[in-house]
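In what follows, a single structure is set out as structure tokens and then discussed.
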Amino acid sequence: MRMSRYFLPVLKEDPAEAAIVSHRLMLRAGMIKQSSAGIYSWLPMGYKVLRKIEDIVHEEQAKAGHMPMLMPTIQSADLWRESGRYDDYGEEMLRIKDRHDRDMLFTPTAEELITDIFRSHVSSYKDLPLTLYQIQWKFRDERRPRFGVMRGREFYMKDGYNFDLTKEDALHAYNRHLVSYLRTYERMGLQAIPMRADSGPIGGDDTHEFLVLAETGESEVFYDSAVTDLTFGDREIDFDDVAQCQSIMEEFTTKYARTDETHDEALFNEVPEERRRTARGIEVGQIFYFGTKYSDAMNAKVQGPDGKPVAVHMGSHGIGVSRLLGAIIEASHDDKGIIWPEGVTPYHVGIVNLKQGDEEADTACESLYKEFTAAGLEPLYDDRKERAGGKFATMDLIGLPWRITVGPRGLKNGVVELTSRKTGESTEMTPAEAVARVKDIYAGA
RNA sequence: CGGGCUAUAGCGCAGCUUGGUAGCGCGUUCGUCUGGGGGACGAGAGGUCGCAGGUUCGAAUCCUGCUAGCCCGACCA
């Protein structure tokens with residue numbers, strides 16, 4: 001992408017409406033524009049990152065054997081009456097009427113609809129296990145939306161649902177999700193710690209929330225510092241291997257890590273004092289096992305091996321895709337702007353031409369641009385007729401992890417500069433070396 | 001939903017107390033000079049002062065009502 005052609009309305013000053021850093025930076029970096037309270041338009045730069053995050057979620061879901069699909073945002077109230085949640089959900093559910101005066105709603109989650117689809121088409125235990133998911137817009141009419149996309153009313157969420165014959169099978173599905181989520185967040189450059197949580201209106205006994213530690217987090221969290229030493233890494237996973245998923249689940253959930261909802265002071269005090277931590281966290285996902293709550297209420301049964309009907313065991317799992325943008329920025333920024341982790345960066349590398357119009361500089365930039373594109377990477381080339389300072393400030397603000405600076409001074413010696421956004425370190429090298437270096441960095445990611 | 005605050009140009013703000021027909025910085029357009037961390041000079045464009053009503057010869061300014069947004073608390077991907 002050439003910046004001269006890009007729609008990137010960056011702001012030099014902080015908008016008054018934004019109180020926390022991720023919101024401020026998303027507005028300043030031209031990623032989002034508020035449309036009304038808790039509802040945002042996603043401008044090209046924001047949309048680009050949103051899709052990157054979405055892609056990672058899809059890829060990791062596919063690895064775990066889960067099937068993507070898409071359900072409508074507007075649903076009939078009837079199904080929700082069947083589960084009893086039409087009354088339980090309260091003011092957070094946006095209720096609307098169609099022209100025939102029928103009660104409709106904007107989906108806050110989709111257990112009812114997926115259960116209805118399931119019961120219409122699945123009747124044998126032989127079709128189990130089954131896990132379906134979607135990434136779709138949700139609406140919850142929050143009393144007080146705030147913090148930009150971190151707590152919007154409209155938000156983009158991955159929501160998945162598993163159907164299993166027995167509790168044991170459903171708990172494997174639970175573990176499988178926990179494992180796949182660990183890798184999903186890690187790929188985004190985040191450490192998201194699974195913490196024992198409270199189930200809320202979805203119901204059920206077993207549930208973990210994934211929290212990213214950040215000062216601006218809405219939840220208070222208590223944990224054993226040993227959990228932050230755990231990393232998922234590149235390990236090979238067989239998602240059908242019950243024992244493997246179980247052991248990874250135990251590895252990541254045995255040490256004390258709870259939100260204030262489930263915090264147990266006595267248990268916490270068993271953690272060695274030097275490892276006890278109290279912090280704040282941003283919830284970026286949650287997994288549930290809720291047994292037959294919905295299958296009983298909505299008569300979702302399959303025939304078991306003995307020919308008798310059995311209510312299926314279910315669980316649901318969510319990742320707050322749009323919230324993740326805020327969470328990642330909260331966890332990765334400095335006073336100049338965003339610092340995107342390589343896994344989610346909107347563009348892989350920025351090219352700054354210090355003297356637009358200088359024949360040599362222009363040619364060098366064009367050739368870098370072509371080489372990156374040919375290598376399957378996406379460069380963002382600042383080809384505007386701006387001064388160096390302005391170009392650097394913009395690059396720092398939007399936070400691409402790597403920047404190549406091209407100017408007449410360096411080209412005289414045959415070199416350009418490769419700069420890390422994170423460390424600020426610059427290294428001079430030939431353009432060919434810079435291309436190889438950047439290709440190398442992303443080949444590993 | 002309780003408490004507090006705000007609404008004037010794309011963004012950040014002043015003007016309101018004491019009514020006289022709107023201003024500053026940034027951004028933006030054009031020109032000249034500049035050119036390795038938001039440069040200088042000159043010339044422009046851009047506003048039904050959130051909406052509705054009232055007081056007044058006259059309202060951004062005073063009064064009433066409404067709407068929207070933000071912050072703090074109780075609730076949530």
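Residue names in the structure tokens use chain letters A, B, ... in the order shown, residue numbers from 1 in each chain, and ligand numbers from 1 in the order shown.
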Could you produce a table of the residues of chain B lying within 8 Å of chain A, with the nearest pair of atoms per residue and their separation in Å rounded to one decimal, using only C-alpha atoms (C1' of nucleotides), ordered by chain and increasing residue number, as a tab-separated table?
residue	atom	partner	partner_atom	distance
B:C1	C1'	A:Arg143	CA	7.7
B:C11	C1'	A:Glu13	CA	6.6
B:G12	C1'	A:Glu13	CA	6.5
B:C26	C1'	A:Lys12	CA	7.4
B:G35	C1'	A:Arg387	CA	6.6
B:G36	C1'	A:Ala388	CA	6.5
B:G37	C1'	A:Gly389	CA	4.1
B:G38	C1'	A:Gly390	CA	4.6
B:G69	C1'	A:Ala37	CA	7.4
B:C70	C1'	A:Glu17	CA	5.9
B:C75	C1'	A:Arg143	CA	7.9
B:C76	C1'	A:Glu142	CA	7.8
B:A77	C1'	A:Gly320	CA	4.7
Quick one: DSSP strand (DSSP E) residues in range 320-350 of chain A, as a PyMOL selection string? chain A and resi 320+333-334+337-338+349-350
Same residues, C-alpha atoms, saved as a compact mmCIF listing (two decimals), in the first residue's frame:
# COMPACT_ATOMS: atom_id res chain seq x y z
CA GLY A 320 -13.64 -11.07 21.72
CA HIS A 333 2.48 0.66 23.06
CA ASP A 334 4.71 3.52 24.12
CA GLY A 337 2.07 5.12 19.57
CA ILE A 338 1.16 1.54 18.93
CA VAL A 349 7.12 -3.25 7.06
CA GLY A 350 7.04 0.50 6.56
Quick one: residues within 7 Å of range 16-22 of chain B, only C-alpha atoms (C1' of nucleotides) counted, chain neighbours fewer than 4 positions away excluded, as number ranges by chain? B: 58-59, 61
Could you save the residues just selected, with N, CA, C and O atoms (P, O5', C5', C4', C3', O3' and C1' of nucleotides), as a short mmCIF file (atom, residue, chain, number, x, y, z; two decimals), in the first residue's frame?
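Heads up, here's the output in result.cif:
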data_model
loop_
_atom_site.label_atom_id
_atom_site.label_comp_id
_atom_site.auth_asym_id
_atom_site.auth_seq_id
_atom_site.Cartn_x
_atom_site.Cartn_y
_atom_site.Cartn_z
P G B 58 -35.88 41.53 19.07
"O5'" G B 58 -34.30 41.39 18.92
"C5'" G B 58 -33.72 41.30 17.61
"C4'" G B 58 -32.23 41.35 17.69
"C3'" G B 58 -31.59 40.26 18.55
"O3'" G B 58 -31.45 39.07 17.82
"C1'" G B 58 -30.64 42.36 19.08
P A B 59 -31.53 37.64 18.59
"O5'" A B 59 -30.28 37.65 19.58
"C5'" A B 59 -28.95 37.70 19.09
"C4'" A B 59 -28.09 36.70 19.83
"C3'" A B 59 -28.50 35.25 19.59
"O3'" A B 59 -27.34 34.42 19.70
"C1'" A B 59 -28.79 35.73 21.86
P U B 61 -27.13 31.65 23.38
"O5'" U B 61 -26.10 32.30 24.41
"C5'" U B 61 -25.33 31.48 25.30
"C4'" U B 61 -24.43 32.36 26.12
"C3'" U B 61 -25.16 33.31 27.07
"O3'" U B 61 -24.49 33.37 28.31
"C1'" U B 61 -23.80 34.56 25.57
#
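Contact shell of C49 in chain B at 9 Å (only C-alpha atoms (C1' of nucleotides); same-chain neighbours under 2 positions omitted): U8, A22, G47 and A60 of chain B.
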Take the residues just selected and output them with N, CA and C atoms (P, O5', C5', C4', C3', O3' and C1' of nucleotides) as a compact mmCIF listing (two decimals), in the first residue's frame.
# COMPACT_ATOMS: atom_id res chain seq x y z
P U B 8 -18.82 21.45 20.18
O5' U B 8 -19.02 23.00 19.91
C5' U B 8 -20.06 23.46 19.08
C4' U B 8 -19.70 24.80 18.50
C3' U B 8 -18.35 24.86 17.83
O3' U B 8 -18.37 24.34 16.52
C1' U B 8 -18.54 26.68 19.27
P A B 22 -20.06 37.39 12.76
O5' A B 22 -19.26 36.74 13.95
C5' A B 22 -18.38 37.54 14.75
C4' A B 22 -17.45 36.65 15.50
C3' A B 22 -16.38 35.97 14.64
O3' A B 22 -15.25 36.83 14.53
C1' A B 22 -17.40 34.39 16.11
P G B 47 -18.80 26.58 6.09
O5' G B 47 -18.99 26.63 7.65
C5' G B 47 -19.02 25.42 8.44
C4' G B 47 -19.35 25.76 9.85
C3' G B 47 -20.63 26.55 10.05
O3' G B 47 -21.74 25.68 10.14
C1' G B 47 -18.87 27.34 11.45
P A B 60 -26.40 34.13 18.43
O5' A B 60 -25.41 32.99 18.94
C5' A B 60 -25.89 31.70 19.21
C4' A B 60 -25.01 31.02 20.24
C3' A B 60 -25.19 31.56 21.66
O3' A B 60 -26.24 30.89 22.32
C1' A B 60 -22.88 31.45 21.11
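Nearest-residue note for Ala214 in chain A: choosing from A:Arg421, A:Lys255, A:Arg280, A:His172, the minimum distance belongs to A:Arg280, counting only C-alpha atoms.
Proximity of A:Gln244, A:Gln61, A:Thr107, A:Thr262 to Ser76 in chain A, computed with only C-alpha atoms, is greatest for A:Thr107.
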Please identify all polymer residues within 8 Å of Ala197 in chain A, counting only C-alpha atoms (C1' of nucleotides), omitting same-chain residues fewer than 2 positions from it, and present them as a list of chain:residue names. A:Met195, A:Ser199, A:Thr207, A:His208, A:Glu209, A:Arg258, A:Thr259, A:Glu261, A:Thr262
